[in-house]
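Undergrad: Handing over start-v7.cif, mmCIF, C-alpha atoms.
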data_structure
#
loop_
_atom_site.label_atom_id
_atom_site.label_comp_id
_atom_site.auth_asym_id
_atom_site.auth_seq_id
_atom_site.Cartn_x
_atom_site.Cartn_y
_atom_site.Cartn_z
CA GLY A 1 94.12 -78.67 -120.34
CA LEU A 2 96.75 -80.27 -118.11
CA ASP A 3 98.68 -81.82 -120.98
CA GLN A 4 101.84 -82.83 -119.06
CA GLN A 5 102.22 -85.62 -116.54
CA TYR A 6 105.00 -86.96 -114.40
CA ASP A 7 104.90 -90.22 -112.45
CA PHE A 8 106.90 -90.68 -109.28
CA GLY A 9 106.25 -93.46 -106.80
CA ILE A 10 102.52 -93.83 -106.26
CA PHE A 11 101.79 -90.30 -107.52
CA ARG A 12 100.95 -88.94 -110.96
CA PHE A 13 101.37 -85.16 -111.27
CA HIS A 14 99.25 -83.48 -113.95
CA TYR A 15 100.30 -79.99 -115.05
CA THR A 16 100.73 -77.67 -118.02
CA LEU A 17 103.31 -75.17 -119.27
CA GLU A 18 100.82 -72.89 -121.03
CA GLY A 19 97.74 -70.85 -120.26
CA THR A 20 95.86 -70.05 -117.06
CA HIS A 21 96.97 -73.19 -115.26
CA SER A 22 100.64 -72.99 -116.26
CA VAL A 23 103.36 -73.55 -113.69
CA ASP A 24 106.62 -71.59 -113.72
CA VAL A 25 108.67 -73.22 -116.51
CA THR A 26 112.06 -72.55 -114.88
CA ASP A 27 114.19 -75.70 -115.04
CA THR A 28 117.52 -74.94 -113.38
CA ASP A 29 118.72 -78.56 -113.22
CA GLY A 30 117.91 -79.23 -116.88
CA ASN A 31 115.97 -82.42 -116.23
CA SER A 32 113.08 -81.30 -118.50
CA ILE A 33 110.79 -81.03 -115.48
CA PRO A 34 109.97 -77.55 -114.13
CA ASP A 35 111.53 -76.80 -110.75
CA TYR A 36 108.04 -76.21 -109.38
CA ILE A 37 107.08 -79.80 -110.19
CA ASP A 38 110.39 -81.07 -108.79
CA GLN A 39 109.50 -79.29 -105.54
CA MET A 40 106.08 -80.95 -105.53
CA VAL A 41 107.62 -84.37 -106.12
CA GLU A 42 110.19 -83.94 -103.35
CA THR A 43 107.54 -82.74 -100.91
CA PHE A 44 105.03 -85.51 -101.60
CA THR A 45 107.82 -88.06 -101.28
CA GLN A 46 108.59 -86.70 -97.80
CA VAL A 47 104.90 -86.58 -96.86
CA TYR A 48 104.31 -90.15 -98.04
CA ASP A 49 107.34 -91.37 -96.12
CA MET A 50 106.17 -89.69 -92.91
CA GLU A 51 102.46 -90.50 -93.02
CA ILE A 52 102.64 -94.00 -94.53
CA ASN A 53 106.07 -95.44 -93.75
CA GLU A 54 106.80 -93.83 -90.38
CA MET A 55 103.35 -93.25 -88.84
CA GLY A 56 101.84 -96.38 -90.34
CA TYR A 57 98.68 -95.07 -91.99
CA TYR A 58 97.34 -97.15 -94.87
CA ARG A 59 97.59 -95.89 -98.44
CA PRO A 60 94.45 -94.45 -100.00
CA PRO A 61 92.61 -96.77 -102.42
CA GLY A 62 93.50 -96.64 -106.12
CA ASP A 63 91.22 -95.61 -108.96
CA GLY A 64 92.48 -97.85 -111.76
CA TRP A 65 89.36 -100.04 -111.48
CA LEU A 66 87.03 -97.22 -112.56
CA PRO A 67 85.23 -97.99 -115.87
CA GLY A 68 86.45 -96.43 -119.09
CA ASP A 69 83.89 -93.63 -119.15
CA TYR A 70 85.38 -92.21 -115.92
CA ASP A 71 88.42 -89.94 -115.94
CA TYR A 72 90.74 -91.82 -113.60
CA GLY A 73 93.93 -90.02 -114.60
CA GLY A 74 95.07 -92.78 -116.93
CA SER A 75 96.58 -95.12 -114.34
CA ASN A 76 96.21 -96.45 -110.82
CA HIS A 77 98.52 -93.72 -109.50
CA TYR A 78 97.18 -91.21 -106.99
CA ASP A 79 96.35 -88.20 -109.17
CA ILE A 80 97.46 -84.69 -108.26
CA TYR A 81 96.23 -81.92 -110.57
CA ILE A 82 98.29 -78.73 -110.38
CA ARG A 83 96.21 -75.81 -111.58
CA ASN A 84 94.92 -72.33 -110.97
CA LEU A 85 92.56 -72.38 -107.97
CA GLU A 86 90.30 -69.71 -106.56
CA SER A 87 91.82 -67.08 -104.30
CA ASN A 88 92.95 -68.22 -100.83
CA MET A 89 92.38 -71.92 -101.56
CA TYR A 90 95.49 -73.92 -100.67
CA GLY A 91 94.27 -77.10 -102.36
CA TYR A 92 91.61 -79.76 -102.00
CA VAL A 93 90.91 -83.47 -102.13
CA MET A 94 87.78 -84.64 -103.94
CA PRO A 95 86.37 -88.09 -103.15
CA GLU A 96 85.08 -89.83 -106.27
CA ALA A 97 83.47 -93.18 -105.53
CA PHE A 98 83.33 -96.05 -103.07
CA ALA A 99 86.58 -97.96 -103.37
CA ASN A 100 85.80 -101.02 -105.44
CA ALA A 101 88.97 -102.91 -106.29
CA THR A 102 88.34 -105.65 -103.72
CA GLY A 103 84.78 -105.03 -102.61
CA PHE A 104 82.33 -102.13 -102.46
CA GLY A 105 83.59 -99.46 -100.05
CA ASN A 106 86.71 -101.45 -99.16
CA ASN A 107 90.27 -100.10 -99.44
CA GLU A 108 92.44 -102.70 -101.16
CA ASN A 109 95.55 -101.35 -99.39
CA THR A 110 94.46 -102.43 -95.91
CA PRO A 111 94.10 -105.83 -94.20
CA VAL A 112 90.66 -104.93 -92.82
CA THR A 113 87.27 -104.41 -94.47
CA GLU A 114 85.99 -100.84 -94.61
CA LEU A 115 82.42 -99.80 -95.32
CA ASN A 116 82.99 -96.29 -96.57
CA ALA A 117 86.47 -96.15 -98.10
CA LEU A 118 86.45 -93.68 -100.98
CA ASN A 119 89.04 -93.14 -103.69
CA SER A 120 89.90 -89.54 -104.46
CA PHE A 121 92.06 -87.10 -106.38
CA MET A 122 93.83 -83.92 -105.32
CA ALA A 123 94.23 -80.39 -106.64
CA MET A 124 97.23 -78.23 -105.75
CA ARG A 125 97.90 -74.64 -106.80
CA ASN A 126 100.10 -73.74 -109.74
CA ASN A 127 101.63 -71.05 -107.51
CA TYR A 128 101.35 -69.93 -103.89
CA THR A 129 102.09 -66.25 -104.37
CA GLY A 130 100.57 -64.18 -101.58
CA PHE A 131 100.13 -67.01 -99.11
CA PRO A 132 101.64 -66.90 -95.58
CA GLY A 133 105.27 -67.96 -95.48
CA THR A 134 107.34 -68.97 -98.48
CA GLU A 135 106.02 -70.86 -101.49
CA GLU A 136 107.97 -73.94 -100.40
CA GLU A 137 106.35 -73.79 -96.96
CA SER A 138 102.88 -73.46 -98.48
CA ILE A 139 103.48 -76.47 -100.71
CA LYS A 140 104.68 -78.50 -97.74
CA VAL A 141 101.76 -77.81 -95.41
CA THR A 142 99.21 -78.18 -98.22
CA ALA A 143 100.64 -81.49 -99.41
CA THR A 144 100.66 -82.79 -95.82
CA HIS A 145 97.12 -81.63 -95.11
CA GLU A 146 95.54 -82.76 -98.36
CA TYR A 147 97.26 -86.13 -98.53
CA HIS A 148 95.96 -86.79 -95.04
CA HIS A 149 92.46 -86.16 -96.38
CA ALA A 150 93.14 -88.78 -99.06
CA ILE A 151 94.24 -91.19 -96.33
CA GLN A 152 91.20 -90.39 -94.19
CA SER A 153 88.90 -91.10 -97.11
CA GLY A 154 90.53 -94.52 -97.41
CA TYR A 155 89.37 -95.31 -93.87
CA ASP A 156 85.98 -93.61 -93.69
CA GLY A 157 85.11 -91.03 -96.32
CA TYR A 158 81.91 -90.16 -94.45
CA GLU A 159 83.55 -89.42 -91.10
CA ALA A 160 82.59 -86.04 -89.61
CA GLN A 161 84.18 -83.18 -91.50
CA TRP A 162 85.29 -81.34 -88.35
CA LEU A 163 87.40 -84.35 -87.40
CA MET A 164 88.86 -84.59 -90.90
CA GLU A 165 89.91 -80.94 -90.88
CA ALA A 166 91.16 -80.83 -87.29
CA THR A 167 93.38 -83.89 -87.72
CA ALA A 168 94.60 -82.81 -91.17
CA VAL A 169 95.75 -79.46 -89.75
CA GLU A 170 97.34 -81.28 -86.82
CA MET A 171 99.20 -83.50 -89.30
CA GLU A 172 100.90 -80.35 -90.62
CA GLU A 173 102.44 -79.94 -87.16
CA GLN A 174 103.59 -83.55 -87.04
CA VAL A 175 105.25 -83.56 -90.47
CA TYR A 176 106.54 -79.97 -90.70
CA ASP A 177 106.49 -78.77 -87.10
CA GLU A 178 108.77 -75.83 -87.82
CA ILE A 179 106.45 -74.10 -90.31
CA ASN A 180 103.43 -73.33 -88.07
CA ASP A 181 101.09 -72.17 -90.82
CA CYS A 182 98.30 -73.49 -88.58
CA TYR A 183 98.84 -70.67 -86.08
CA GLN A 184 96.69 -68.46 -88.31
CA TYR A 185 93.56 -70.35 -87.17
CA LEU A 186 94.09 -69.86 -83.45
CA PRO A 187 93.13 -66.18 -82.80
CA SER A 188 89.61 -66.54 -84.21
CA TRP A 189 89.15 -69.94 -82.55
CA PHE A 190 90.13 -68.65 -79.11
CA SER A 191 87.98 -65.55 -79.53
CA GLU A 192 84.89 -67.78 -79.84
CA PRO A 193 85.08 -70.22 -76.92
CA HIS A 194 81.31 -70.75 -77.04
CA LYS A 195 81.62 -72.54 -80.38
CA ALA A 196 81.87 -76.33 -80.35
CA LEU A 197 84.78 -78.24 -81.87
CA ASP A 198 82.45 -79.34 -84.67
CA HIS A 199 80.82 -75.96 -85.32
CA GLN A 200 79.80 -75.87 -88.98
CA SER A 201 82.33 -73.26 -90.07
CA ASP A 202 86.03 -72.51 -90.46
CA HIS A 203 86.15 -73.12 -86.70
CA TRP A 204 87.01 -76.71 -87.72
CA TYR A 205 90.55 -75.66 -88.66
CA GLY A 206 91.34 -74.11 -85.28
CA SER A 207 89.94 -77.23 -83.64
CA PHE A 208 93.30 -78.83 -84.43
CA ILE A 209 94.19 -77.73 -80.90
CA PHE A 210 92.19 -80.75 -79.67
CA PRO A 211 94.18 -83.43 -81.55
CA GLN A 212 97.28 -81.40 -80.69
CA TYR A 213 96.44 -81.86 -77.02
CA ILE A 214 95.90 -85.59 -77.60
CA PHE A 215 99.20 -85.79 -79.48
CA GLU A 216 101.15 -84.18 -76.64
CA HIS A 217 99.53 -85.91 -73.65
CA LEU A 218 97.47 -88.94 -74.66
CA GLY A 219 99.54 -91.27 -76.78
CA GLY A 220 100.97 -89.17 -79.60
CA SER A 221 100.60 -90.05 -83.26
CA ILE A 222 99.67 -93.65 -82.37
CA THR A 223 96.46 -92.49 -80.68
CA LEU A 224 95.60 -90.13 -83.53
CA LYS A 225 96.01 -93.00 -85.99
CA LYS A 226 93.80 -95.16 -83.79
CA ILE A 227 90.97 -92.66 -84.21
CA TRP A 228 90.87 -93.50 -87.92
CA GLU A 229 91.25 -97.20 -87.25
CA LYS A 230 88.27 -97.04 -84.89
CA SER A 231 86.24 -94.90 -87.28
CA ILE A 232 85.66 -97.89 -89.55
CA LEU A 233 83.75 -99.66 -86.74
CA ASN A 234 80.85 -97.24 -87.19
CA ASP A 235 78.86 -96.65 -90.37
CA SER A 236 79.28 -92.89 -90.66
CA TYR A 237 77.16 -92.88 -93.80
CA TYR A 238 74.19 -92.96 -91.43
CA GLY A 239 75.36 -90.62 -88.69
CA ASP A 240 78.12 -88.79 -86.82
CA PHE A 241 80.13 -91.21 -84.67
CA SER A 242 83.23 -89.04 -84.40
CA HIS A 243 83.10 -88.69 -80.59
CA ARG A 244 82.75 -92.47 -80.26
CA ALA A 245 85.76 -93.12 -82.51
CA ILE A 246 87.83 -90.70 -80.43
CA SER A 247 86.75 -92.34 -77.16
CA LEU A 248 87.58 -95.80 -78.49
CA ALA A 249 91.03 -94.60 -79.53
CA LEU A 250 91.64 -92.94 -76.15
CA SER A 251 90.51 -95.92 -74.07
CA SER A 252 94.00 -97.45 -74.11
CA GLU A 253 95.24 -94.20 -72.52
CA GLY A 254 92.60 -94.41 -69.79
CA SER A 255 90.80 -91.45 -71.33
CA SER A 256 87.76 -90.61 -73.45
CA PHE A 257 86.43 -87.83 -75.64
CA SER A 258 84.95 -85.92 -72.69
CA ASP A 259 88.01 -86.45 -70.49
CA ALA A 260 90.37 -85.18 -73.20
CA LEU A 261 88.08 -82.25 -73.97
CA ASN A 262 87.97 -81.16 -70.32
CA LYS A 263 91.74 -81.41 -69.96
CA MET A 264 92.26 -79.46 -73.18
CA VAL A 265 89.97 -76.69 -71.92
CA ILE A 266 92.11 -76.32 -68.79
CA ALA A 267 95.29 -76.32 -70.89
CA ASN A 268 93.78 -73.66 -73.14
CA ARG A 269 92.99 -71.46 -70.15
CA ILE A 270 96.48 -71.83 -68.66
CA MET A 271 98.29 -71.64 -72.02
CA SER A 272 101.76 -72.41 -70.75
CA SER A 273 104.87 -74.25 -71.89
CA SER A 274 106.10 -74.55 -68.32
CA PRO A 275 106.86 -78.07 -67.04
CA ASN A 276 104.88 -77.04 -63.94
CA ALA A 277 101.72 -77.11 -66.05
CA GLY A 278 102.11 -80.87 -66.44
CA LEU A 279 99.17 -82.42 -68.29
CA PHE A 280 97.88 -78.92 -69.00
CA SER A 281 100.82 -77.62 -71.02
CA TYR A 282 101.52 -77.15 -74.72
CA GLU A 283 105.05 -77.43 -76.05
CA GLU A 284 104.58 -74.34 -78.23
CA ALA A 285 102.23 -72.35 -75.98
CA ASN A 286 104.75 -69.54 -75.65
CA THR A 287 104.72 -69.01 -79.42
CA TYR A 288 100.98 -69.45 -80.03
CA PRO A 289 99.39 -66.12 -81.09
CA VAL A 290 96.92 -66.32 -78.16
CA SER A 291 97.13 -65.90 -74.39
CA GLY A 292 94.62 -68.53 -73.34
#
Go ahead and express the file in the form of structure tokens.
TA:
Amino acid sequence: GLDQQYDFGIFRFHYTLEGTHSVDVTDTDGNSIPDYIDQMVETFTQVYDMEINEMGYYRPPGDGWLPGDYDYGGSNHYDIYIRNLESNMYGYVMPEAFANATGFGNNENTPVTELNALNSFMAMRNNYTGFPGTEEESIKVTATHEYHHAIQSGYDGYEAQWLMEATAVEMEEQVYDEINDCYQYLPSWFSEPHKALDHQSDHWYGSFIFPQYIFEHLGGSITLKKIWEKSILNDSYYGDFSHRAISLALSSEGSSFSDALNKMVIANRIMSSSPNAGLFSYEEANTYPVSG
């Protein structure tokens, strides 16, 4: 029922002006596109520029190669469907198939050969009423988070889900550092220190504190990108190699998964923004809703 579409850059936005999935039809600039869609377009343009152009991640694979009996959104654009979603769901990315434009499981937008690159589509909400922060803030963090999932799937769509979620939440901090929607995951995470980073639960989201530690002390966004570059060296279809990918990425910093984990644990106990904390500090520790 999403009978309207708008193409901008690599994205195709699918939406409707009527029914359950309708967006607010207000069009203050008179460009025949609802302001809500204009906001989406502006946000995804910023997100693409940060994650692809500035940080250097590779674009997700396209879906234009899919046979005619598949719904591929009508073009090779990355499809974003704006619709009514269940309560409390910010959005989601749904992998569809092994990328196949230049070889089975290989992303045509990279110079390397992947085994498990998957093309995908995204769903965003038709409104963010009732979510933390303003609607604009919710759109921004959701677009950042979900587009990072699309990127991740273009490297290794079978990588461990905890790593996908932790790094996608961390990406929110890198792109829109001032919003801090991710703080909501910290109280429950810190109240359950016995749970592993990869505990099969919403604990995944609070585990962003681990890539946050890596970002601040072990090579920044370059190291976090390396994790996904190293992930393609392992066939995650057959097992969980997430710790190995992290260790490979950290090796250039003289670190490893276990080394970074131990240092993060100390930083979490100290929970300080003081320069005296050195390697065991967090820039925003004084504003985190936890005390270590």
Undergrad: Could you tell me which residues the PyMOL selection byres ((chain A and resi 162) around 9) grabs in this file, written as a list in words?
TA: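 The output of the PyMOL selection byres ((chain A and resi 162) around 9) on this file is Glu159, Ala160, Gln161, Leu163, Met164, Glu165, Ala166, Thr167, Leu197, Asp198, His199, Gln200, Ser201, His203, Trp204, Tyr205, Ser207 and Ser242 of chain A.
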Undergrad: If you count only C-alpha atoms, which residues fall within 12 Å of Gly9 (chain A), apart from same-chain ones fewer than 4 positions away, as a list in words?
TA: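 Residues meeting the cut-off are Phe13, Val41, Glu42, Phe44, Thr45, Gln46, Tyr48, Asp49, Asn76, His77, Tyr78 and Asp79 of chain A.
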Undergrad: One number please: CA of Arg83 (chain A) to CA of Thr16 (chain A), in Å, one decimal.
TA: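 CA of Thr16 (chain A) lies 8.1 Å from CA of Arg83 (chain A).
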Undergrad: Record the distance separating CA of Asn268 (chain A) and CA of Leu186 (chain A), expressed in Å with one decimal.
TA: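 Spanning CA of Asn268 (chain A) to CA of Leu186 (chain A) is a straight-line distance of 11.0 Å.
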Undergrad: Report, in Å with one decimal, the straight-line distance from CA of Thr287 (chain A) to CA of Thr223 (chain A).
TA: 24.9 Å
Undergrad: Give the answer as one residue: which of A:Tyr36, A:Ile151, A:Val112, A:Phe8 has the shortest atom-to-atom distance to Gly62 (chain A), using all atoms listed in the file?
TA: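 Closest to Gly62 (chain A) of all the choices is A:Ile151.
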Undergrad: Return the single residue from A:Asn109, A:Phe11, A:Trp189, A:Tyr238 that is closest to Gly74 (chain A), with distances computed using all atoms listed in the file.
TA: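 Ranking A:Asn109, A:Phe11, A:Trp189, A:Tyr238 by distance to Gly74 (chain A), first place goes to A:Phe11.
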Undergrad: Taking only N, CA, C and O atoms, show region 208-235 of chain A of the given structure as a PDB file, in the first residue's frame.
TA:
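Final file, decode-v2.pdb:
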ATOM      1  N   PHE A 208      27.326  -1.718  23.277  1.00  0.00           N
ATOM      2  CA  PHE A 208      28.001  -0.682  22.485  1.00  0.00           C
ATOM      3  C   PHE A 208      29.132  -0.045  23.275  1.00  0.00           C
ATOM      4  O   PHE A 208      30.038   0.578  22.701  1.00  0.00           O
ATOM      5  N   ILE A 209      29.109  -0.199  24.611  1.00  0.00           N
ATOM      6  CA  ILE A 209      30.161   0.392  25.428  1.00  0.00           C
ATOM      7  C   ILE A 209      31.529  -0.202  25.067  1.00  0.00           C
ATOM      8  O   ILE A 209      32.565   0.451  25.239  1.00  0.00           O
ATOM      9  N   PHE A 210      31.535  -1.432  24.541  1.00  0.00           N
ATOM     10  CA  PHE A 210      32.796  -2.068  24.136  1.00  0.00           C
ATOM     11  C   PHE A 210      33.369  -1.399  22.884  1.00  0.00           C
ATOM     12  O   PHE A 210      34.520  -0.942  22.899  1.00  0.00           O
ATOM     13  N   PRO A 211      32.633  -1.307  21.769  1.00  0.00           N
ATOM     14  CA  PRO A 211      33.187  -0.548  20.637  1.00  0.00           C
ATOM     15  C   PRO A 211      33.394   0.927  20.960  1.00  0.00           C
ATOM     16  O   PRO A 211      34.268   1.570  20.364  1.00  0.00           O
ATOM     17  N   GLN A 212      32.649   1.462  21.916  1.00  0.00           N
ATOM     18  CA  GLN A 212      32.904   2.847  22.337  1.00  0.00           C
ATOM     19  C   GLN A 212      34.284   2.946  22.974  1.00  0.00           C
ATOM     20  O   GLN A 212      35.034   3.903  22.705  1.00  0.00           O
ATOM     21  N   TYR A 213      34.637   1.962  23.792  1.00  0.00           N
ATOM     22  CA  TYR A 213      35.968   1.963  24.394  1.00  0.00           C
ATOM     23  C   TYR A 213      37.039   1.863  23.303  1.00  0.00           C
ATOM     24  O   TYR A 213      38.041   2.587  23.328  1.00  0.00           O
ATOM     25  N   ILE A 214      36.817   0.964  22.345  1.00  0.00           N
ATOM     26  CA  ILE A 214      37.767   0.824  21.236  1.00  0.00           C
ATOM     27  C   ILE A 214      37.886   2.135  20.466  1.00  0.00           C
ATOM     28  O   ILE A 214      38.992   2.578  20.130  1.00  0.00           O
ATOM     29  N   PHE A 215      36.754   2.772  20.209  1.00  0.00           N
ATOM     30  CA  PHE A 215      36.747   4.034  19.474  1.00  0.00           C
ATOM     31  C   PHE A 215      37.588   5.089  20.180  1.00  0.00           C
ATOM     32  O   PHE A 215      38.365   5.814  19.548  1.00  0.00           O
ATOM     33  N   GLU A 216      37.476   5.167  21.500  1.00  0.00           N
ATOM     34  CA  GLU A 216      38.164   6.234  22.239  1.00  0.00           C
ATOM     35  C   GLU A 216      39.639   5.954  22.477  1.00  0.00           C
ATOM     36  O   GLU A 216      40.439   6.888  22.595  1.00  0.00           O
ATOM     37  N   HIS A 217      40.037   4.670  22.551  1.00  0.00           N
ATOM     38  CA  HIS A 217      41.398   4.373  22.995  1.00  0.00           C
ATOM     39  C   HIS A 217      42.210   3.474  22.076  1.00  0.00           C
ATOM     40  O   HIS A 217      43.419   3.345  22.269  1.00  0.00           O
ATOM     41  N   LEU A 218      41.567   2.842  21.084  1.00  0.00           N
ATOM     42  CA  LEU A 218      42.286   1.843  20.291  1.00  0.00           C
ATOM     43  C   LEU A 218      42.095   2.035  18.791  1.00  0.00           C
ATOM     44  O   LEU A 218      41.801   1.094  18.053  1.00  0.00           O
ATOM     45  N   GLY A 219      42.231   3.274  18.348  1.00  0.00           N
ATOM     46  CA  GLY A 219      42.278   3.499  16.911  1.00  0.00           C
ATOM     47  C   GLY A 219      41.066   4.144  16.285  1.00  0.00           C
ATOM     48  O   GLY A 219      41.030   4.317  15.067  1.00  0.00           O
ATOM     49  N   GLY A 220      40.066   4.477  17.088  1.00  0.00           N
ATOM     50  CA  GLY A 220      38.925   5.232  16.574  1.00  0.00           C
ATOM     51  C   GLY A 220      38.108   4.505  15.531  1.00  0.00           C
ATOM     52  O   GLY A 220      38.041   3.268  15.483  1.00  0.00           O
ATOM     53  N   SER A 221      37.488   5.277  14.653  1.00  0.00           N
ATOM     54  CA  SER A 221      36.581   4.717  13.648  1.00  0.00           C
ATOM     55  C   SER A 221      37.316   3.821  12.655  1.00  0.00           C
ATOM     56  O   SER A 221      36.720   2.915  12.067  1.00  0.00           O
ATOM     57  N   ILE A 222      38.621   4.050  12.479  1.00  0.00           N
ATOM     58  CA  ILE A 222      39.405   3.215  11.560  1.00  0.00           C
ATOM     59  C   ILE A 222      39.438   1.773  12.061  1.00  0.00           C
ATOM     60  O   ILE A 222      39.243   0.822  11.301  1.00  0.00           O
ATOM     61  N   THR A 223      39.667   1.592  13.363  1.00  0.00           N
ATOM     62  CA  THR A 223      39.692   0.245  13.925  1.00  0.00           C
ATOM     63  C   THR A 223      38.326  -0.411  13.852  1.00  0.00           C
ATOM     64  O   THR A 223      38.210  -1.602  13.533  1.00  0.00           O
ATOM     65  N   LEU A 224      37.272   0.336  14.135  1.00  0.00           N
ATOM     66  CA  LEU A 224      35.929  -0.238  14.068  1.00  0.00           C
ATOM     67  C   LEU A 224      35.596  -0.673  12.641  1.00  0.00           C
ATOM     68  O   LEU A 224      34.948  -1.705  12.436  1.00  0.00           O
ATOM     69  N   LYS A 225      36.044   0.099  11.661  1.00  0.00           N
ATOM     70  CA  LYS A 225      35.826  -0.310  10.268  1.00  0.00           C
ATOM     71  C   LYS A 225      36.629  -1.567   9.947  1.00  0.00           C
ATOM     72  O   LYS A 225      36.168  -2.440   9.215  1.00  0.00           O
ATOM     73  N   LYS A 226      37.827  -1.652  10.512  1.00  0.00           N
ATOM     74  CA  LYS A 226      38.659  -2.829  10.266  1.00  0.00           C
ATOM     75  C   LYS A 226      37.988  -4.112  10.748  1.00  0.00           C
ATOM     76  O   LYS A 226      38.198  -5.181  10.176  1.00  0.00           O
ATOM     77  N   ILE A 227      37.199  -4.014  11.803  1.00  0.00           N
ATOM     78  CA  ILE A 227      36.504  -5.211  12.291  1.00  0.00           C
ATOM     79  C   ILE A 227      35.666  -5.818  11.178  1.00  0.00           C
ATOM     80  O   ILE A 227      35.673  -7.042  10.965  1.00  0.00           O
ATOM     81  N   TRP A 228      34.974  -4.956  10.419  1.00  0.00           N
ATOM     82  CA  TRP A 228      34.126  -5.466   9.335  1.00  0.00           C
ATOM     83  C   TRP A 228      34.953  -5.894   8.134  1.00  0.00           C
ATOM     84  O   TRP A 228      34.602  -6.849   7.433  1.00  0.00           O
ATOM     85  N   GLU A 229      36.073  -5.250   7.929  1.00  0.00           N
ATOM     86  CA  GLU A 229      36.971  -5.687   6.857  1.00  0.00           C
ATOM     87  C   GLU A 229      37.572  -7.054   7.175  1.00  0.00           C
ATOM     88  O   GLU A 229      37.751  -7.892   6.273  1.00  0.00           O
ATOM     89  N   LYS A 230      37.875  -7.296   8.446  1.00  0.00           N
ATOM     90  CA  LYS A 230      38.429  -8.592   8.845  1.00  0.00           C
ATOM     91  C   LYS A 230      37.349  -9.669   8.928  1.00  0.00           C
ATOM     92  O   LYS A 230      37.664 -10.869   8.807  1.00  0.00           O
ATOM     93  N   SER A 231      36.107  -9.268   9.116  1.00  0.00           N
ATOM     94  CA  SER A 231      35.038 -10.260   9.252  1.00  0.00           C
ATOM     95  C   SER A 231      34.888 -11.121   8.002  1.00  0.00           C
ATOM     96  O   SER A 231      34.470 -12.274   8.071  1.00  0.00           O
ATOM     97  N   ILE A 232      35.252 -10.566   6.843  1.00  0.00           N
ATOM     98  CA  ILE A 232      35.067 -11.327   5.606  1.00  0.00           C
ATOM     99  C   ILE A 232      36.118 -12.429   5.447  1.00  0.00           C
ATOM    100  O   ILE A 232      36.003 -13.274   4.554  1.00  0.00           O
ATOM    101  N   LEU A 233      37.140 -12.449   6.329  1.00  0.00           N
ATOM    102  CA  LEU A 233      38.163 -13.486   6.256  1.00  0.00           C
ATOM    103  C   LEU A 233      37.681 -14.805   6.854  1.00  0.00           C
ATOM    104  O   LEU A 233      38.320 -15.841   6.680  1.00  0.00           O
ATOM    105  N   ASN A 234      36.578 -14.758   7.573  1.00  0.00           N
ATOM    106  CA  ASN A 234      36.025 -15.951   8.206  1.00  0.00           C
ATOM    107  C   ASN A 234      34.645 -16.238   7.616  1.00  0.00           C
ATOM    108  O   ASN A 234      33.895 -15.315   7.303  1.00  0.00           O
ATOM    109  N   ASP A 235      34.299 -17.489   7.466  1.00  0.00           N
ATOM    110  CA  ASP A 235      32.988 -17.841   6.925  1.00  0.00           C
ATOM    111  C   ASP A 235      31.990 -17.977   8.070  1.00  0.00           C
ATOM    112  O   ASP A 235      31.792 -19.062   8.630  1.00  0.00           O
TER     113      ASP A 235
END
